[in-house]
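Notes to accompany the following structure.
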Protein chains: 2
Amino acid sequence: MDLNHYREEDKVLLAVDCIIFGFDKHHLRILLIKRNFEPESGKWSLIGGFMKREEDLDQAAVRVLEALTGLRDIYMEQLQAYSKVDRDPGERTISVAYYALIDVDSHQFDGPRLETAQWFKLSEAPDLIFDHNDMVEKAVARLRRRALKRPIGFELLPEKFTMRQLQTLYESILDKKLDKRNFVNKINSLDVLIKLDEKDMTVARKGAYLYTFDKEKYDRKVAEEGFNFKI
Amino acid sequence: MDLNHYREEDKVLLAVDCIIFGFDKHHLRILLIKRNFEPESGKWSLIGGFMKREEDLDQAAVRVLEALTGLRDIYMEQLQAYSKVDRDPGERTISVAYYALIDVDSHQFDGPRLETAQWFKLSEAPDLIFDHNDMVEKAVARLRRRALKRPIGFELLPEKFTMRQLQTLYESILDKKLDKRNFVNKINSLDVLIKLDEKDMTVARKGAYLYTFDKEKYDRKVAEEGFNFKI
DNA sequence: ACACATAAGTGTTTTTTGTACATTTCTAAG
DNA sequence: CTTAGAAATGTACAAAAAACACTTATGTGT
């Protein structure tokens with residue numbers, strides 16, 4: 001913030017682009033949309049839109065996501081701004097990337113452009129327009145760092161889940177195999193899961209116990225500033 | 001990026017604000033400037049200015065910093081965008097925060113507004129305008145996280161420095177005392193410093209060995225993805 | 001009804017990393 | 001030549017991470 005007068009001629013368009021990560025019990029996925037307008041019509045892109053004068057960027061991200069997919073009450077977090085002069089061939093546009101984590105199966109699309117939005121496995125995602133590939137790469141790095149600091153899963157898993165699913169989630173995020181016993185020991189030592197009496201009988205003859213997050217305990221621990229989740 | 005037409009009415013002013021951290025061999029400091037224009041004239045603020053149409057945000061940050069302080073060739077990194085609707089009472093402005101690390105003693109100010117820029121101890125910094133306090137808080141958190149991941153010091157220390165100075169730097173960043181022997185052991189185990197034959201005789205009768213970073217080794221190690229600098 | 005296939009569930013040992021801690025060395029100054 | 005003051009240095013203990021393999025439960029198929 002400086003310069004003695006606020007000049008009209010240097011105003012620019014501000015957009016938000018959302019990297020929506022999803023987990024479907026097997027794979028980490030990303031939500032993309034096929035553009036049906038120029039420029040770059042027909043190509044895949046992140047979900048995005050322009051910020052309006054009367055809202056801030058966080059609000060714009062929430063609004064845009066709901067408008068295009070029907071997804072609501074999704075927690076989103078800002079990544080960073082992308083501002084290369086020629087990033088959008090249509091007009092000078094600065095875009096601020098947001099990312100979010102959701103459980104694929106418990107969120108239904110019903111946005112107006114539903115037919116064009118699609119979940120891709122992260123490893124099989126198509127090439128994206130503009131600098132969206134960079135945004136995704138950055139978001140993946142952030143997700144990875146974050147997964148090592150806190151037990152994610154609140155957002156990416158359904159209410160009830162098996163230990164195996166949580167491990168698979170971590171394996172997809174970190175893109176490496178983890179040892180089952182060490183993983184379970186680590187998770188249990190964190191003491192933020194509740195083991196239910198219920199079993200998921202679809203995954204094995206024996207069945208697998210279901211767990212939920214103990215949100216209260218979790219919040220208390222985060223507040224007490226003690227979480228290190230190195231796996 | 002969406003919507004079928006790029007609308008004129010939703011353009012906004014884009015600013016950059018720079019959190020410049022400095023180290024003067026004793027304290028971690030932050031560079032602030034006294035505003036001499038409205039709004040909020042006379043109050044302290046971060047160094048900032050507007051992005052121009054023909055540059056990107058990174059370039060704007062570099063330009064603004066040099067224009068106001070004469071500081072050049074400073075590596076800066078984007079933090080995030082601040083976009084509250086009423087954050088700047090003058091006009092709707094979105095600001096993107098940048099932060100940088102420099103060695104206070106080896107950088108001279110000679111910008112046109114030199115007289116108004118001033119280094120503050122981080123702990124004694126005055127209240128800042130707008131949302132600049134938030135920006136600083138966020139930048140400190142980032143600096144702290146970063147210090148735990150990589151040996152900073154390249155940027156915050158002079159070419160040659162003593163082990164004690166490096167430790168003091170870490171102590172100011174992390175805001176806690178560290179054990180001298182453990183610190184030295186840790187640093188040495190990283191194997192990225194070169195111990196010179198030279199001593200700094202000003203710090204003790206005995207003198208203290210000077211070190212430099214072995215940038216090549218450092219870069220190689222970072223590339224090989226192996227650094228964890230928990231202290 | 002019994003054997004089989006399949007994934008779940010579970011502990012211990014070894015290795016690595018972090019932490020706590022005290023004495024000796026060097027040299028300029030008096 | 002004594003002294004003051006910061007630099008330099010290593011070891012033992014504790015905690016955390018990593019490596020590692022067998023048993024259990026139950027639905028399915030014969």
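Following the order of the structure tokens, chains are lettered A, B, ..., residues in each are numbered from 1, and ligands are numbered from 1.
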
Quiz prompt | Proximal residues of chain A relative to chain D (only C-alpha atoms (C1' of nucleotides); 8 Å) as an NGL selection string | solution = :A and (205-207)

Practice problem: Enumerate as a PyMOL selection string the residues belonging to chain C that approach chain A to within 7 Å, with only C-alpha atoms (C1' of nucleotides) taken into account. | Solution: chain C and resi 6-8

Please produce a file of those selected residues containing C-alpha atoms (C1' of nucleotides), as a short mmCIF file (atom, residue, chain, number, x, y, z; two decimals), in the first residue's frame.
```cif
data_model
loop_
_atom_site.label_atom_id
_atom_site.label_comp_id
_atom_site.auth_asym_id
_atom_site.auth_seq_id
_atom_site.Cartn_x
_atom_site.Cartn_y
_atom_site.Cartn_z
"C1'" DT C 6 -8.56 -63.16 2.41
"C1'" DA C 7 -7.84 -59.08 4.74
"C1'" DA C 8 -7.82 -57.55 9.66
#
```

Run DSSP on the backbone and grab whatever in stretch 108-169 of chain B lands in helix (DSSP H, G or I); send it over as a PDB file with all heavy atoms, in the first residue's frame.
```pdb
ATOM      1  N   LEU B 114      14.163   7.194   2.432  1.00  0.00           N
ATOM      2  CA  LEU B 114      15.071   6.630   3.425  1.00  0.00           C
ATOM      3  C   LEU B 114      14.777   7.075   4.851  1.00  0.00           C
ATOM      4  O   LEU B 114      14.764   6.286   5.780  1.00  0.00           O
ATOM      5  CB  LEU B 114      16.475   7.028   2.985  1.00  0.00           C
ATOM      6  CG  LEU B 114      17.556   7.331   4.009  1.00  0.00           C
ATOM      7  CD1 LEU B 114      17.987   6.053   4.681  1.00  0.00           C
ATOM      8  CD2 LEU B 114      18.749   7.957   3.299  1.00  0.00           C
ATOM      9  N   GLU B 115      14.544   8.361   4.977  1.00  0.00           N
ATOM     10  CA  GLU B 115      14.390   8.896   6.337  1.00  0.00           C
ATOM     11  C   GLU B 115      13.190   8.308   7.065  1.00  0.00           C
ATOM     12  O   GLU B 115      13.137   8.307   8.288  1.00  0.00           O
ATOM     13  CB  GLU B 115      14.297  10.429   6.305  1.00  0.00           C
ATOM     14  CG  GLU B 115      13.003  10.998   5.747  1.00  0.00           C
ATOM     15  CD  GLU B 115      12.924  10.906   4.219  1.00  0.00           C
ATOM     16  OE1 GLU B 115      13.907  10.494   3.559  1.00  0.00           O
ATOM     17  OE2 GLU B 115      11.869  11.248   3.690  1.00  0.00           O
ATOM     18  N   THR B 116      12.238   7.756   6.334  1.00  0.00           N
ATOM     19  CA  THR B 116      11.045   7.262   7.016  1.00  0.00           C
ATOM     20  C   THR B 116      11.083   5.748   7.275  1.00  0.00           C
ATOM     21  O   THR B 116      10.267   5.247   8.023  1.00  0.00           O
ATOM     22  CB  THR B 116       9.772   7.581   6.201  1.00  0.00           C
ATOM     23  OG1 THR B 116       9.834   6.858   4.972  1.00  0.00           O
ATOM     24  CG2 THR B 116       9.657   9.052   5.925  1.00  0.00           C
ATOM     25  N   LEU B 122      11.582  -7.124  16.303  1.00  0.00           N
ATOM     26  CA  LEU B 122      10.288  -7.744  16.052  1.00  0.00           C
ATOM     27  C   LEU B 122       9.373  -7.593  17.271  1.00  0.00           C
ATOM     28  O   LEU B 122       8.170  -7.327  17.146  1.00  0.00           O
ATOM     29  CB  LEU B 122      10.487  -9.226  15.733  1.00  0.00           C
ATOM     30  CG  LEU B 122       9.361  -9.901  14.975  1.00  0.00           C
ATOM     31  CD1 LEU B 122       8.975  -9.127  13.728  1.00  0.00           C
ATOM     32  CD2 LEU B 122       9.751 -11.310  14.615  1.00  0.00           C
ATOM     33  N   SER B 123       9.970  -7.741  18.432  1.00  0.00           N
ATOM     34  CA  SER B 123       9.169  -7.695  19.654  1.00  0.00           C
ATOM     35  C   SER B 123       8.758  -6.274  20.028  1.00  0.00           C
ATOM     36  O   SER B 123       7.891  -6.088  20.873  1.00  0.00           O
ATOM     37  CB  SER B 123       9.989  -8.286  20.801  1.00  0.00           C
ATOM     38  OG  SER B 123      11.265  -7.664  20.845  1.00  0.00           O
ATOM     39  N   GLU B 124       9.354  -5.301  19.387  1.00  0.00           N
ATOM     40  CA  GLU B 124       9.055  -3.911  19.760  1.00  0.00           C
ATOM     41  C   GLU B 124       8.425  -3.137  18.624  1.00  0.00           C
ATOM     42  O   GLU B 124       8.384  -1.902  18.641  1.00  0.00           O
ATOM     43  CB  GLU B 124      10.350  -3.207  20.192  1.00  0.00           C
ATOM     44  CG  GLU B 124      10.988  -3.836  21.410  1.00  0.00           C
ATOM     45  CD  GLU B 124      12.377  -3.258  21.701  1.00  0.00           C
ATOM     46  OE1 GLU B 124      12.816  -2.335  20.982  1.00  0.00           O
ATOM     47  OE2 GLU B 124      13.013  -3.746  22.658  1.00  0.00           O
ATOM     48  N   HIS B 132      -1.993  -4.972   8.308  1.00  0.00           N
ATOM     49  CA  HIS B 132      -0.567  -5.272   8.244  1.00  0.00           C
ATOM     50  C   HIS B 132      -0.071  -6.084   9.436  1.00  0.00           C
ATOM     51  O   HIS B 132       0.888  -6.840   9.311  1.00  0.00           O
ATOM     52  CB  HIS B 132       0.245  -3.976   8.099  1.00  0.00           C
ATOM     53  CG  HIS B 132       0.096  -3.344   6.744  1.00  0.00           C
ATOM     54  ND1 HIS B 132       0.907  -2.350   6.282  1.00  0.00           N
ATOM     55  CD2 HIS B 132      -0.785  -3.588   5.741  1.00  0.00           C
ATOM     56  CE1 HIS B 132       0.547  -1.999   5.058  1.00  0.00           C
ATOM     57  NE2 HIS B 132      -0.493  -2.734   4.711  1.00  0.00           N
ATOM     58  N   ASN B 133      -0.714  -5.920  10.592  1.00  0.00           N
ATOM     59  CA  ASN B 133      -0.325  -6.743  11.740  1.00  0.00           C
ATOM     60  C   ASN B 133      -0.562  -8.225  11.453  1.00  0.00           C
ATOM     61  O   ASN B 133       0.257  -9.071  11.794  1.00  0.00           O
ATOM     62  CB  ASN B 133      -1.104  -6.327  12.988  1.00  0.00           C
ATOM     63  CG  ASN B 133      -0.730  -4.928  13.461  1.00  0.00           C
ATOM     64  OD1 ASN B 133       0.437  -4.623  13.644  1.00  0.00           O
ATOM     65  ND2 ASN B 133      -1.730  -4.074  13.628  1.00  0.00           N
ATOM     66  N   ASP B 134      -1.682  -8.514  10.823  1.00  0.00           N
ATOM     67  CA  ASP B 134      -1.983  -9.898  10.455  1.00  0.00           C
ATOM     68  C   ASP B 134      -0.911 -10.448   9.513  1.00  0.00           C
ATOM     69  O   ASP B 134      -0.479 -11.594   9.636  1.00  0.00           O
ATOM     70  CB  ASP B 134      -3.333  -9.993   9.722  1.00  0.00           C
ATOM     71  CG  ASP B 134      -4.484  -9.575  10.611  1.00  0.00           C
ATOM     72  OD1 ASP B 134      -4.292  -9.537  11.843  1.00  0.00           O
ATOM     73  OD2 ASP B 134      -5.567  -9.279  10.075  1.00  0.00           O
ATOM     74  N   MET B 135      -0.540  -9.606   8.561  1.00  0.00           N
ATOM     75  CA  MET B 135       0.453 -10.047   7.582  1.00  0.00           C
ATOM     76  C   MET B 135       1.759 -10.401   8.273  1.00  0.00           C
ATOM     77  O   MET B 135       2.383 -11.421   7.979  1.00  0.00           O
ATOM     78  CB  MET B 135       0.712  -8.934   6.551  1.00  0.00           C
ATOM     79  CG  MET B 135      -0.475  -8.604   5.665  1.00  0.00           C
ATOM     80  SD  MET B 135      -0.022  -7.300   4.478  1.00  0.00           S
ATOM     81  CE  MET B 135      -1.605  -7.062   3.640  1.00  0.00           C
ATOM     82  N   VAL B 136       2.164  -9.557   9.204  1.00  0.00           N
ATOM     83  CA  VAL B 136       3.430  -9.792   9.903  1.00  0.00           C
ATOM     84  C   VAL B 136       3.339 -11.081  10.715  1.00  0.00           C
ATOM     85  O   VAL B 136       4.254 -11.912  10.701  1.00  0.00           O
ATOM     86  CB  VAL B 136       3.787  -8.601  10.816  1.00  0.00           C
ATOM     87  CG1 VAL B 136       4.977  -8.948  11.704  1.00  0.00           C
ATOM     88  CG2 VAL B 136       4.087  -7.363   9.985  1.00  0.00           C
ATOM     89  N   GLU B 137       2.228 -11.247  11.384  1.00  0.00           N
ATOM     90  CA  GLU B 137       2.052 -12.439  12.205  1.00  0.00           C
ATOM     91  C   GLU B 137       2.180 -13.701  11.349  1.00  0.00           C
ATOM     92  O   GLU B 137       2.862 -14.658  11.689  1.00  0.00           O
ATOM     93  CB  GLU B 137       0.673 -12.377  12.856  1.00  0.00           C
ATOM     94  CG  GLU B 137       0.505 -13.260  14.054  1.00  0.00           C
ATOM     95  CD  GLU B 137      -0.886 -13.089  14.661  1.00  0.00           C
ATOM     96  OE1 GLU B 137      -1.349 -11.926  14.801  1.00  0.00           O
ATOM     97  OE2 GLU B 137      -1.521 -14.109  14.948  1.00  0.00           O
ATOM     98  N   LYS B 138       1.520 -13.665  10.209  1.00  0.00           N
ATOM     99  CA  LYS B 138       1.569 -14.793   9.280  1.00  0.00           C
ATOM    100  C   LYS B 138       2.993 -15.024   8.764  1.00  0.00           C
ATOM    101  O   LYS B 138       3.438 -16.162   8.641  1.00  0.00           O
ATOM    102  CB  LYS B 138       0.640 -14.487   8.093  1.00  0.00           C
ATOM    103  CG  LYS B 138       0.417 -15.643   7.168  1.00  0.00           C
ATOM    104  CD  LYS B 138      -0.934 -16.249   7.381  1.00  0.00           C
ATOM    105  CE  LYS B 138      -1.107 -17.500   6.532  1.00  0.00           C
ATOM    106  NZ  LYS B 138      -2.333 -18.216   6.888  1.00  0.00           N
ATOM    107  N   ALA B 139       3.670 -13.931   8.480  1.00  0.00           N
ATOM    108  CA  ALA B 139       5.032 -14.044   7.954  1.00  0.00           C
ATOM    109  C   ALA B 139       5.964 -14.631   9.006  1.00  0.00           C
ATOM    110  O   ALA B 139       6.835 -15.448   8.699  1.00  0.00           O
ATOM    111  CB  ALA B 139       5.546 -12.681   7.503  1.00  0.00           C
ATOM    112  N   VAL B 140       5.778 -14.246  10.254  1.00  0.00           N
ATOM    113  CA  VAL B 140       6.618 -14.778  11.326  1.00  0.00           C
ATOM    114  C   VAL B 140       6.395 -16.281  11.453  1.00  0.00           C
ATOM    115  O   VAL B 140       7.343 -17.056  11.583  1.00  0.00           O
ATOM    116  CB  VAL B 140       6.321 -14.073  12.671  1.00  0.00           C
ATOM    117  CG1 VAL B 140       6.996 -14.806  13.820  1.00  0.00           C
ATOM    118  CG2 VAL B 140       6.784 -12.624  12.618  1.00  0.00           C
ATOM    119  N   ALA B 141       5.135 -16.676  11.374  1.00  0.00           N
ATOM    120  CA  ALA B 141       4.822 -18.103  11.457  1.00  0.00           C
ATOM    121  C   ALA B 141       5.501 -18.856  10.321  1.00  0.00           C
ATOM    122  O   ALA B 141       6.063 -19.931  10.512  1.00  0.00           O
ATOM    123  CB  ALA B 141       3.310 -18.315  11.417  1.00  0.00           C
ATOM    124  N   ARG B 142       5.440 -18.281   9.130  1.00  0.00           N
ATOM    125  CA  ARG B 142       6.056 -18.924   7.976  1.00  0.00           C
ATOM    126  C   ARG B 142       7.566 -19.007   8.141  1.00  0.00           C
ATOM    127  O   ARG B 142       8.190 -20.041   7.858  1.00  0.00           O
ATOM    128  CB  ARG B 142       5.729 -18.112   6.716  1.00  0.00           C
ATOM    129  CG  ARG B 142       6.306 -18.689   5.452  1.00  0.00           C
ATOM    130  CD  ARG B 142       5.249 -19.444   4.692  1.00  0.00           C
ATOM    131  NE  ARG B 142       5.348 -19.160   3.271  1.00  0.00           N
ATOM    132  CZ  ARG B 142       4.324 -19.017   2.450  1.00  0.00           C
ATOM    133  NH1 ARG B 142       3.096 -19.105   2.908  1.00  0.00           N
ATOM    134  NH2 ARG B 142       4.487 -18.783   1.183  1.00  0.00           N
ATOM    135  N   LEU B 143       8.162 -17.921   8.600  1.00  0.00           N
ATOM    136  CA  LEU B 143       9.608 -17.888   8.819  1.00  0.00           C
ATOM    137  C   LEU B 143      10.014 -18.974   9.804  1.00  0.00           C
ATOM    138  O   LEU B 143      11.014 -19.667   9.626  1.00  0.00           O
ATOM    139  CB  LEU B 143      10.009 -16.508   9.352  1.00  0.00           C
ATOM    140  CG  LEU B 143      11.479 -16.307   9.742  1.00  0.00           C
ATOM    141  CD1 LEU B 143      12.400 -16.545   8.556  1.00  0.00           C
ATOM    142  CD2 LEU B 143      11.707 -14.905  10.303  1.00  0.00           C
ATOM    143  N   ARG B 144       9.231 -19.128  10.835  1.00  0.00           N
ATOM    144  CA  ARG B 144       9.523 -20.106  11.873  1.00  0.00           C
ATOM    145  C   ARG B 144       9.459 -21.519  11.303  1.00  0.00           C
ATOM    146  O   ARG B 144      10.342 -22.347  11.517  1.00  0.00           O
ATOM    147  CB  ARG B 144       8.470 -19.958  12.979  1.00  0.00           C
ATOM    148  CG  ARG B 144       9.044 -19.977  14.344  1.00  0.00           C
ATOM    149  CD  ARG B 144       8.072 -19.420  15.361  1.00  0.00           C
ATOM    150  NE  ARG B 144       8.503 -18.111  15.843  1.00  0.00           N
ATOM    151  CZ  ARG B 144       7.764 -17.324  16.609  1.00  0.00           C
ATOM    152  NH1 ARG B 144       6.535 -17.682  16.942  1.00  0.00           N
ATOM    153  NH2 ARG B 144       8.233 -16.178  17.016  1.00  0.00           N
ATOM    154  N   ARG B 145       8.401 -21.785  10.557  1.00  0.00           N
ATOM    155  CA  ARG B 145       8.251 -23.111   9.952  1.00  0.00           C
ATOM    156  C   ARG B 145       9.410 -23.386   9.019  1.00  0.00           C
ATOM    157  O   ARG B 145       9.984 -24.469   8.980  1.00  0.00           O
ATOM    158  CB  ARG B 145       6.933 -23.182   9.181  1.00  0.00           C
ATOM    159  CG  ARG B 145       5.875 -24.021   9.895  1.00  0.00           C
ATOM    160  CD  ARG B 145       4.584 -24.034   9.120  1.00  0.00           C
ATOM    161  NE  ARG B 145       3.959 -22.725   9.090  1.00  0.00           N
ATOM    162  CZ  ARG B 145       3.432 -22.140   8.028  1.00  0.00           C
ATOM    163  NH1 ARG B 145       3.469 -22.742   6.855  1.00  0.00           N
ATOM    164  NH2 ARG B 145       2.883 -20.948   8.105  1.00  0.00           N
ATOM    165  N   ARG B 146       9.757 -22.357   8.270  1.00  0.00           N
ATOM    166  CA  ARG B 146      10.815 -22.513   7.288  1.00  0.00           C
ATOM    167  C   ARG B 146      12.165 -22.755   7.954  1.00  0.00           C
ATOM    168  O   ARG B 146      12.972 -23.543   7.485  1.00  0.00           O
ATOM    169  CB  ARG B 146      10.846 -21.239   6.445  1.00  0.00           C
ATOM    170  CG  ARG B 146      12.002 -21.113   5.532  1.00  0.00           C
ATOM    171  CD  ARG B 146      11.750 -19.994   4.572  1.00  0.00           C
ATOM    172  NE  ARG B 146      11.211 -20.545   3.361  1.00  0.00           N
ATOM    173  CZ  ARG B 146      11.926 -20.604   2.225  1.00  0.00           C
ATOM    174  NH1 ARG B 146      13.146 -20.118   2.193  1.00  0.00           N
ATOM    175  NH2 ARG B 146      11.420 -21.129   1.149  1.00  0.00           N
ATOM    176  N   ALA B 147      12.374 -22.068   9.070  1.00  0.00           N
ATOM    177  CA  ALA B 147      13.640 -22.216   9.782  1.00  0.00           C
ATOM    178  C   ALA B 147      13.811 -23.638  10.306  1.00  0.00           C
ATOM    179  O   ALA B 147      14.926 -24.120  10.468  1.00  0.00           O
ATOM    180  CB  ALA B 147      13.710 -21.226  10.932  1.00  0.00           C
ATOM    181  N   MET B 163      29.456 -19.360  14.579  1.00  0.00           N
ATOM    182  CA  MET B 163      28.446 -20.331  14.989  1.00  0.00           C
ATOM    183  C   MET B 163      27.457 -19.687  15.966  1.00  0.00           C
ATOM    184  O   MET B 163      26.266 -19.922  15.920  1.00  0.00           O
ATOM    185  CB  MET B 163      29.162 -21.511  15.646  1.00  0.00           C
ATOM    186  CG  MET B 163      28.370 -22.781  15.726  1.00  0.00           C
ATOM    187  SD  MET B 163      27.665 -23.369  14.184  1.00  0.00           S
ATOM    188  CE  MET B 163      28.906 -24.535  13.613  1.00  0.00           C
ATOM    189  N   ARG B 164      28.008 -18.858  16.833  1.00  0.00           N
ATOM    190  CA  ARG B 164      27.184 -18.168  17.820  1.00  0.00           C
ATOM    191  C   ARG B 164      26.134 -17.281  17.147  1.00  0.00           C
ATOM    192  O   ARG B 164      24.990 -17.203  17.588  1.00  0.00           O
ATOM    193  CB  ARG B 164      28.085 -17.308  18.698  1.00  0.00           C
ATOM    194  CG  ARG B 164      27.391 -16.527  19.784  1.00  0.00           C
ATOM    195  CD  ARG B 164      26.979 -17.439  20.894  1.00  0.00           C
ATOM    196  NE  ARG B 164      25.643 -17.112  21.364  1.00  0.00           N
ATOM    197  CZ  ARG B 164      25.015 -17.738  22.342  1.00  0.00           C
ATOM    198  NH1 ARG B 164      25.583 -18.750  22.948  1.00  0.00           N
ATOM    199  NH2 ARG B 164      23.827 -17.371  22.704  1.00  0.00           N
ATOM    200  N   GLN B 165      26.536 -16.598  16.075  1.00  0.00           N
ATOM    201  CA  GLN B 165      25.587 -15.728  15.369  1.00  0.00           C
ATOM    202  C   GLN B 165      24.460 -16.536  14.750  1.00  0.00           C
ATOM    203  O   GLN B 165      23.295 -16.142  14.800  1.00  0.00           O
ATOM    204  CB  GLN B 165      26.307 -14.912  14.285  1.00  0.00           C
ATOM    205  CG  GLN B 165      27.104 -13.735  14.838  1.00  0.00           C
ATOM    206  CD  GLN B 165      28.139 -13.203  13.859  1.00  0.00           C
ATOM    207  OE1 GLN B 165      28.143 -13.544  12.680  1.00  0.00           O
ATOM    208  NE2 GLN B 165      29.037 -12.354  14.357  1.00  0.00           N
ATOM    209  N   LEU B 166      24.843 -17.671  14.179  1.00  0.00           N
ATOM    210  CA  LEU B 166      23.822 -18.532  13.580  1.00  0.00           C
ATOM    211  C   LEU B 166      22.845 -19.013  14.653  1.00  0.00           C
ATOM    212  O   LEU B 166      21.630 -19.038  14.462  1.00  0.00           O
ATOM    213  CB  LEU B 166      24.492 -19.725  12.894  1.00  0.00           C
ATOM    214  CG  LEU B 166      23.583 -20.669  12.108  1.00  0.00           C
ATOM    215  CD1 LEU B 166      22.824 -19.939  11.018  1.00  0.00           C
ATOM    216  CD2 LEU B 166      24.392 -21.816  11.492  1.00  0.00           C
ATOM    217  N   GLN B 167      23.424 -19.354  15.818  1.00  0.00           N
ATOM    218  CA  GLN B 167      22.554 -19.810  16.899  1.00  0.00           C
ATOM    219  C   GLN B 167      21.646 -18.682  17.395  1.00  0.00           C
ATOM    220  O   GLN B 167      20.452 -18.891  17.624  1.00  0.00           O
ATOM    221  CB  GLN B 167      23.398 -20.355  18.062  1.00  0.00           C
ATOM    222  CG  GLN B 167      22.517 -20.953  19.154  1.00  0.00           C
ATOM    223  CD  GLN B 167      23.315 -21.521  20.320  1.00  0.00           C
ATOM    224  OE1 GLN B 167      24.475 -21.870  20.168  1.00  0.00           O
ATOM    225  NE2 GLN B 167      22.674 -21.604  21.466  1.00  0.00           N
ATOM    226  N   THR B 168      22.213 -17.499  17.532  1.00  0.00           N
ATOM    227  CA  THR B 168      21.412 -16.347  17.976  1.00  0.00           C
ATOM    228  C   THR B 168      20.273 -16.080  16.990  1.00  0.00           C
ATOM    229  O   THR B 168      19.144 -15.780  17.384  1.00  0.00           O
ATOM    230  CB  THR B 168      22.299 -15.092  18.088  1.00  0.00           C
ATOM    231  OG1 THR B 168      23.377 -15.370  18.976  1.00  0.00           O
ATOM    232  CG2 THR B 168      21.505 -13.916  18.631  1.00  0.00           C
ATOM    233  N   LEU B 169      20.597 -16.199  15.697  1.00  0.00           N
ATOM    234  CA  LEU B 169      19.563 -16.035  14.679  1.00  0.00           C
ATOM    235  C   LEU B 169      18.425 -17.019  14.903  1.00  0.00           C
ATOM    236  O   LEU B 169      17.243 -16.648  14.923  1.00  0.00           O
ATOM    237  CB  LEU B 169      20.180 -16.246  13.296  1.00  0.00           C
ATOM    238  CG  LEU B 169      19.223 -16.362  12.125  1.00  0.00           C
ATOM    239  CD1 LEU B 169      18.362 -15.115  12.017  1.00  0.00           C
ATOM    240  CD2 LEU B 169      19.979 -16.575  10.825  1.00  0.00           C
TER     241      LEU B 169
END
```

Practice problem: Select, from A:Gln118, A:Asn228, A:Ser106, A:Ser172, the residue with the minimum atom-to-atom distance to chain B, counting only C-alpha atoms. | Solution: A:Asn228

Practice problem: Kindly provide, as an MDAnalysis selection string, the residues of chain A having any atom no farther than 7 Å from an atom of chain B, counting only C-alpha atoms. | Solution: chainID A and resid 1:4 10:17 37 47:50 52:57 79:81 83:85
